[in-house]
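Containing compact mmCIF, C-alpha atoms: start_0.txt.
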# COMPACT_ATOMS: atom_id res chain seq x y z
CA MET A 1 14.87 31.26 4.17
CA ALA A 2 13.22 28.65 2.01
CA LYS A 3 9.95 27.25 3.26
CA PRO A 4 10.51 23.77 4.71
CA SER A 5 8.97 21.22 2.36
CA ASN A 6 8.35 17.50 2.26
CA GLU A 7 9.62 17.30 -1.30
CA ALA A 8 12.69 15.26 -0.30
CA PHE A 9 10.52 12.64 1.40
CA PHE A 10 8.27 12.24 -1.62
CA TRP A 11 11.29 12.15 -3.88
CA MET A 12 12.76 9.29 -1.84
CA LEU A 13 9.53 7.31 -2.28
CA PHE A 14 9.57 8.13 -6.00
CA SER A 15 13.15 6.98 -6.32
CA ALA A 16 12.70 3.75 -4.34
CA GLY A 17 9.57 2.97 -6.35
CA GLY A 18 11.47 3.65 -9.57
CA VAL A 19 14.12 1.08 -8.68
CA VAL A 20 11.53 -1.55 -7.69
CA ALA A 21 9.53 -0.89 -10.86
CA ALA A 22 12.63 -1.03 -13.08
CA LEU A 23 13.93 -4.30 -11.63
CA LEU A 24 10.75 -6.28 -10.94
CA ILE A 25 7.80 -5.13 -13.01
CA PRO A 26 9.05 -6.18 -16.46
CA VAL A 27 9.47 -9.84 -15.48
CA GLN A 28 6.29 -9.93 -13.35
CA LEU A 29 4.22 -8.28 -16.06
CA PHE A 30 5.66 -10.42 -18.85
CA LEU A 31 5.06 -13.71 -17.02
CA PHE A 32 1.63 -13.14 -15.51
CA PHE A 33 -0.05 -10.78 -17.94
CA VAL A 34 1.54 -11.62 -21.32
CA ALA A 35 3.17 -15.05 -21.41
CA PHE A 36 0.62 -16.98 -19.32
CA PRO A 37 -2.54 -15.51 -20.93
CA LEU A 38 -1.09 -16.12 -24.41
CA GLY A 39 -0.05 -19.65 -23.48
CA TRP A 40 3.62 -19.04 -24.30
CA LEU A 41 4.52 -20.56 -20.94
CA GLN A 42 2.70 -23.10 -18.79
CA ALA A 43 0.92 -21.08 -16.10
CA PRO A 44 1.59 -22.31 -12.56
CA GLY A 45 -1.35 -23.95 -10.84
CA TYR A 46 -3.47 -22.43 -8.10
CA ASP A 47 -1.94 -24.53 -5.33
CA HIS A 48 1.62 -23.69 -6.33
CA LEU A 49 0.84 -19.94 -6.39
CA MET A 50 -0.97 -20.14 -3.05
CA SER A 51 1.92 -21.97 -1.41
CA LEU A 52 4.21 -19.21 -2.69
CA VAL A 53 1.95 -16.34 -1.65
CA ARG A 54 1.57 -17.77 1.87
CA MET A 55 5.34 -17.54 2.47
CA PRO A 56 6.11 -14.47 4.63
CA LEU A 57 9.01 -13.41 2.42
CA VAL A 58 6.86 -13.56 -0.71
CA ARG A 59 4.17 -11.51 1.04
CA ILE A 60 6.72 -8.81 1.86
CA TYR A 61 8.00 -8.99 -1.72
CA LEU A 62 4.48 -8.55 -3.13
CA PHE A 63 3.72 -5.72 -0.71
CA VAL A 64 6.85 -3.84 -1.81
CA LEU A 65 6.08 -4.66 -5.46
CA CYS A 66 2.62 -3.07 -5.16
CA SER A 67 3.23 -0.19 -2.78
CA LEU A 68 6.45 1.57 -3.77
CA PRO A 69 5.73 1.68 -7.53
CA LEU A 70 2.40 3.39 -6.71
CA PHE A 71 4.29 6.21 -4.98
CA HIS A 72 6.59 6.33 -7.99
CA TRP A 73 3.50 6.71 -10.19
CA ALA A 74 2.01 9.39 -7.90
CA HIS A 75 5.11 11.58 -8.16
CA ARG A 76 5.58 11.23 -11.91
CA PHE A 77 1.95 11.48 -12.82
CA ARG A 78 1.44 14.61 -10.76
CA TYR A 79 4.29 16.41 -12.49
CA THR A 80 3.15 15.14 -15.87
CA LEU A 81 -0.24 16.73 -15.21
CA TYR A 82 1.32 19.97 -13.95
CA ASP A 83 3.75 20.39 -16.84
CA GLY A 84 2.31 18.32 -19.65
CA LEU A 85 -1.20 19.68 -19.44
CA LYS A 86 -0.24 22.94 -17.72
CA VAL A 87 -2.78 22.64 -14.91
CA LYS A 88 -0.69 24.22 -12.15
CA HIS A 89 -3.82 25.78 -10.65
CA LEU A 90 -5.13 22.32 -9.68
CA THR A 91 -1.97 21.44 -7.72
CA GLY A 92 -3.75 20.68 -4.45
CA LEU A 93 -6.42 18.46 -5.98
CA ILE A 94 -3.93 16.52 -8.12
CA PHE A 95 -1.66 15.98 -5.12
CA VAL A 96 -4.51 14.55 -3.04
CA LEU A 97 -5.75 12.30 -5.87
CA CYS A 98 -2.29 10.92 -6.72
CA TYR A 99 -1.00 10.26 -3.22
CA GLY A 100 -4.46 9.30 -2.01
CA GLY A 101 -4.50 6.65 -4.74
CA ALA A 102 -1.07 5.40 -3.72
CA VAL A 103 -2.06 5.19 -0.03
CA LEU A 104 -5.31 3.42 -0.93
CA GLY A 105 -3.48 0.90 -3.13
CA THR A 106 -0.99 0.27 -0.35
CA ALA A 107 -3.82 -0.33 2.13
CA VAL A 108 -5.56 -2.75 -0.26
CA ALA A 109 -2.28 -4.62 -0.83
CA ALA A 110 -1.69 -4.88 2.92
CA TYR A 111 -5.23 -6.13 3.53
CA LEU A 112 -5.11 -8.73 0.72
CA LEU A 113 -1.71 -10.03 1.68
CA TRP A 114 -2.62 -10.17 5.36
CA THR A 115 -5.82 -12.13 4.79
CA ILE A 116 -4.87 -14.31 1.82
CA MET S 1 -2.31 57.81 -18.76
CA PRO S 2 -0.77 58.98 -15.52
CA THR S 3 1.85 61.60 -15.87
CA VAL S 4 4.49 62.73 -13.49
CA ASN S 5 5.19 66.35 -13.12
CA GLN S 6 8.75 66.64 -12.00
CA GLY S 7 8.15 69.96 -10.43
CA THR S 8 9.53 72.09 -13.13
CA THR S 9 8.51 75.62 -12.77
CA LYS S 10 6.33 75.76 -15.84
CA GLY S 11 4.95 72.20 -15.63
CA GLU S 12 5.58 71.44 -19.29
CA ALA S 13 7.89 68.45 -18.67
CA SER S 14 5.79 65.33 -18.21
CA TYR S 15 6.87 61.71 -18.18
CA THR S 16 5.29 58.36 -18.69
CA PRO S 17 6.38 56.25 -15.71
CA PHE S 18 8.70 53.47 -16.78
CA HIS S 19 6.97 50.13 -16.97
CA PRO S 20 8.71 47.09 -18.44
CA ARG S 21 6.79 44.93 -20.81
CA TRP S 22 7.12 41.40 -19.37
CA TYR S 23 8.38 38.78 -21.74
CA ARG S 24 5.84 36.02 -21.37
CA PRO S 25 5.91 33.63 -24.28
CA GLN S 26 2.76 31.56 -24.58
CA VAL S 27 3.57 27.86 -24.40
CA SER S 28 1.16 25.53 -26.14
CA VAL S 29 -0.37 22.62 -24.22
CA TYR S 30 1.20 20.42 -26.90
CA TRP S 31 4.72 21.77 -26.38
CA TRP S 32 6.10 18.24 -26.03
CA LEU S 33 4.93 17.04 -29.47
CA GLY S 34 7.41 18.94 -31.61
CA GLU S 35 10.73 17.46 -30.62
CA TRP S 36 11.89 13.90 -29.96
CA HIS S 37 13.62 14.89 -26.70
CA TYR S 38 10.45 16.39 -25.28
CA LEU S 39 8.31 13.52 -26.54
CA LYS S 40 10.73 11.02 -25.00
CA PHE S 41 10.45 12.87 -21.70
CA ILE S 42 6.64 12.73 -21.76
CA LEU S 43 6.63 9.04 -22.79
CA ARG S 44 9.00 8.28 -19.93
CA GLU S 45 6.75 10.08 -17.48
CA LEU S 46 3.67 8.33 -18.93
CA SER S 47 5.30 4.96 -18.27
CA SER S 48 4.23 5.54 -14.66
CA VAL S 49 0.59 5.14 -15.74
CA PHE S 50 1.37 1.61 -16.97
CA VAL S 51 3.20 0.92 -13.71
CA ALA S 52 -0.04 1.80 -11.91
CA VAL S 53 -2.06 -0.40 -14.31
CA PHE S 54 0.25 -3.31 -13.50
CA VAL S 55 -0.21 -2.80 -9.75
CA ILE S 56 -4.02 -2.74 -10.13
CA GLU S 57 -3.93 -5.98 -12.14
CA THR S 58 -1.68 -7.57 -9.54
CA LEU S 59 -4.05 -6.55 -6.73
CA LEU S 60 -6.97 -8.03 -8.69
CA MET S 61 -4.97 -11.23 -9.14
CA LEU S 62 -4.22 -11.42 -5.40
CA ASN S 63 -7.89 -10.86 -4.67
CA ALA S 64 -8.82 -13.69 -7.05
CA LEU S 65 -6.28 -16.02 -5.45
CA ARG S 66 -7.68 -15.13 -2.06
CA ASN S 67 -11.23 -15.97 -3.19
CA GLY S 68 -10.36 -19.51 -4.24
CA PRO S 69 -9.57 -21.64 -7.32
CA GLU S 70 -12.77 -20.75 -9.23
CA ALA S 71 -12.21 -17.03 -8.79
CA TYR S 72 -8.62 -17.43 -9.95
CA ALA S 73 -9.68 -19.43 -13.01
CA HIS S 74 -12.18 -16.68 -13.82
CA PHE S 75 -9.44 -14.05 -13.44
CA GLN S 76 -7.17 -16.00 -15.81
CA GLU S 77 -10.01 -16.20 -18.33
CA CYS S 78 -10.50 -12.42 -18.12
CA MET S 79 -6.81 -11.79 -18.70
CA ARG S 80 -7.04 -13.67 -22.02
CA ASN S 81 -9.30 -10.94 -23.37
CA PRO S 82 -7.51 -9.65 -26.50
CA LEU S 83 -7.95 -6.02 -25.44
CA LEU S 84 -6.27 -6.71 -22.11
CA VAL S 85 -3.49 -8.67 -23.81
CA VAL S 86 -2.82 -5.73 -26.13
CA LEU S 87 -2.91 -3.33 -23.16
CA ASN S 88 -0.43 -5.53 -21.30
CA ILE S 89 1.93 -5.80 -24.26
CA VAL S 90 1.91 -1.99 -24.53
CA SER S 91 2.41 -1.78 -20.76
CA PHE S 92 5.36 -4.15 -21.02
CA LEU S 93 7.01 -1.95 -23.67
CA PHE S 94 6.49 1.17 -21.53
CA VAL S 95 7.83 -0.51 -18.40
CA VAL S 96 10.94 -1.71 -20.24
CA PHE S 97 11.34 1.88 -21.48
CA HIS S 98 11.16 3.00 -17.85
CA THR S 99 13.78 0.43 -16.85
CA ILE S 100 16.23 1.47 -19.57
CA THR S 101 15.82 5.21 -18.97
CA TRP S 102 16.06 4.68 -15.20
CA PHE S 103 19.29 2.70 -15.40
CA ASN S 104 20.81 5.10 -17.92
CA LEU S 105 20.00 8.06 -15.69
CA ALA S 106 21.96 6.66 -12.74
CA PRO S 107 25.43 7.64 -14.06
CA SER S 108 24.25 11.25 -14.45
CA ALA S 109 22.56 11.30 -11.05
CA MET S 110 25.53 9.71 -9.27
CA PRO S 111 28.76 10.21 -11.19
CA VAL S 112 31.37 7.76 -9.91
CA ARG S 113 35.00 8.88 -9.73
CA VAL S 114 38.00 6.62 -9.38
CA GLY S 115 41.37 8.26 -8.89
CA GLY S 116 39.97 11.65 -9.84
CA LYS S 117 38.67 10.41 -13.18
CA ARG S 118 35.04 9.96 -13.96
CA VAL S 119 34.11 6.36 -14.63
CA PRO S 120 32.48 5.99 -18.08
CA ASP S 121 28.68 6.05 -17.91
CA VAL S 122 28.44 2.60 -19.48
CA LEU S 123 30.40 1.05 -16.61
CA VAL S 124 28.20 2.75 -13.99
CA ALA S 125 24.98 1.62 -15.68
CA ALA S 126 26.17 -1.93 -16.45
CA PRO S 127 25.70 -3.39 -12.92
CA SER S 128 22.04 -2.32 -13.00
CA TYR S 129 21.49 -4.31 -16.18
CA VAL S 130 23.26 -7.32 -14.71
CA ALA S 131 21.06 -7.06 -11.60
CA TRP S 132 17.97 -6.81 -13.84
CA VAL S 133 18.86 -10.03 -15.66
CA VAL S 134 19.69 -11.89 -12.43
CA VAL S 135 16.52 -10.73 -10.62
CA SER S 136 14.33 -11.52 -13.65
CA ALA S 137 15.83 -15.00 -13.95
CA PHE S 138 15.35 -15.63 -10.23
CA VAL S 139 11.70 -14.50 -10.22
CA SER S 140 10.99 -16.64 -13.28
CA TRP S 141 12.63 -19.63 -11.63
CA VAL S 142 10.60 -19.24 -8.42
CA VAL S 143 7.32 -18.82 -10.32
CA LEU S 144 7.87 -21.60 -12.88
CA HIS S 145 9.69 -24.10 -10.67

Take the structure from the file and write it as structure tokens.
Amino acid sequence: MAKPSNEAFFWMLFSAGGVVAALLIPVQLFLFFVAFPLGWLQAPGYDHLMSLVRMPLVRIYLFVLCSLPLFHWAHRFRYTLYDGLKVKHLTGLIFVLCYGGAVLGTAVAAYLLWTI
Amino acid sequence: MPTVNQGTTKGEASYTPFHPRWYRPQVSVYWWLGEWHYLKFILRELSSVFVAVFVIETLLMLNALRNGPEAYAHFQECMRNPLLVVLNIVSFLFVVFHTITWFNLAPSAMPVRVGGKRVPDVLVAAPSYVAWVVVSAFVSWVVLH
């Protein structure tokens, strides 16, 4: 019998994060980190952004936007390291670093959005 | 070299025990550089690094917003650094690459059948692209309104 594994759970996180990243990150990244810094579009003012960020729905949106894509990254990056660089012997360490990073990022996002 | 005496009376028959030679081709660390399909696969997987970069930038932005208008102005100033702008343009290209490959994978991952016939891949992927446009327009509207 095959050893029970958590692979399905991690794959679900990967998949959900992939959908969130595919739908939301291009527009978010383009607006905030390309168009506004380059002055292509008028950047929204501090007060407008704060009034948005203080809305509960926007907080949930931002939490999902930060958290799930990190788990997507953890899954992909870990297999890229295994296969791309052929470092299968470091499996345990890579797993801890990738998912540890995702959990840490999620905690930071939760803290920031809770206290903003 | 171990030999096996099969118990013949005179002991002259000796054998080398059969041992297969494993076929273990050595794969280079750079196996993905040679062919476009492999390179595309690695680039797609690497897009996740730029996803993580985006999340870190967003967390820094939230932290700046939280610390007040001066901190946010300082953050905006930092983001105008040409190196960061170039990084973010590259990130944008990688993330769009992720989006396209992700949507195009869906028809293979979940083939849709209607009346016993497989729906063409284009029709299965199309709603994802429509959703992408609608969501992007909505986010832009909320941010810029």

### Query
Which of these residues is nearest to chain A, using all atoms listed in the file: S:Trp132, S:Trp141, S:Phe97, S:Phe18?
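Closest candidate: S:Trp132.
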
Return as a JSON list (two decimals) with C-alpha atoms, in the frame of the given file the residues belonging to chain S that are within 8 Å of chain A, counting only C-alpha atoms.
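Saved the output as result.json:
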[["chain", "number", "residue", "atom", "x", "y", "z"],
["S", 29, "VAL", "CA", -0.37, 22.62, -24.22],
["S", 30, "TYR", "CA", 1.20, 20.42, -26.90],
["S", 31, "TRP", "CA", 4.72, 21.77, -26.38],
["S", 32, "TRP", "CA", 6.10, 18.24, -26.03],
["S", 42, "ILE", "CA", 6.64, 12.73, -21.76],
["S", 45, "GLU", "CA", 6.75, 10.08, -17.48],
["S", 46, "LEU", "CA", 3.67, 8.33, -18.93],
["S", 48, "SER", "CA", 4.23, 5.54, -14.66],
["S", 49, "VAL", "CA", 0.59, 5.14, -15.74],
["S", 51, "VAL", "CA", 3.20, 0.92, -13.71],
["S", 52, "ALA", "CA", -0.04, 1.80, -11.91],
["S", 54, "PHE", "CA", 0.25, -3.31, -13.50],
["S", 55, "VAL", "CA", -0.21, -2.80, -9.75],
["S", 56, "ILE", "CA", -4.02, -2.74, -10.13],
["S", 58, "THR", "CA", -1.68, -7.57, -9.54],
["S", 59, "LEU", "CA", -4.05, -6.55, -6.73],
["S", 62, "LEU", "CA", -4.22, -11.42, -5.40],
["S", 63, "ASN", "CA", -7.89, -10.86, -4.67],
["S", 65, "LEU", "CA", -6.28, -16.02, -5.45],
["S", 66, "ARG", "CA", -7.68, -15.13, -2.06],
["S", 69, "PRO", "CA", -9.57, -21.64, -7.32],
["S", 72, "TYR", "CA", -8.62, -17.43, -9.95],
["S", 76, "GLN", "CA", -7.17, -16.00, -15.81],
["S", 77, "GLU", "CA", -10.01, -16.20, -18.33],
["S", 79, "MET", "CA", -6.81, -11.79, -18.70],
["S", 80, "ARG", "CA", -7.04, -13.67, -22.02],
["S", 85, "VAL", "CA", -3.49, -8.67, -23.81],
["S", 88, "ASN", "CA", -0.43, -5.53, -21.30],
["S", 89, "ILE", "CA", 1.93, -5.80, -24.26],
["S", 92, "PHE", "CA", 5.36, -4.15, -21.02],
["S", 95, "VAL", "CA", 7.83, -0.51, -18.40],
["S", 96, "VAL", "CA", 10.94, -1.71, -20.24],
["S", 98, "HIS", "CA", 11.16, 3.00, -17.85],
["S", 99, "THR", "CA", 13.78, 0.43, -16.85],
["S", 100, "ILE", "CA", 16.23, 1.47, -19.57],
["S", 102, "TRP", "CA", 16.06, 4.68, -15.20],
["S", 103, "PHE", "CA", 19.29, 2.70, -15.40],
["S", 131, "ALA", "CA", 21.06, -7.06, -11.60],
["S", 132, "TRP", "CA", 17.97, -6.81, -13.84],
["S", 135, "VAL", "CA", 16.52, -10.73, -10.62],
["S", 136, "SER", "CA", 14.33, -11.52, -13.65],
["S", 139, "VAL", "CA", 11.70, -14.50, -10.22],
["S", 140, "SER", "CA", 10.99, -16.64, -13.28],
["S", 143, "VAL", "CA", 7.32, -18.82, -10.32],
["S", 144, "LEU", "CA", 7.87, -21.60, -12.88]]

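Interatomic distance, CA of Pro82 in chain S against CA of Trp40 in chain A: 14.7 Å.
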
### Task
Quote the spacing between CA of Thr101 in chain S and CA of Leu13 in chain A in Å to one decimal place.
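These two atoms are separated by 18.0 Å.
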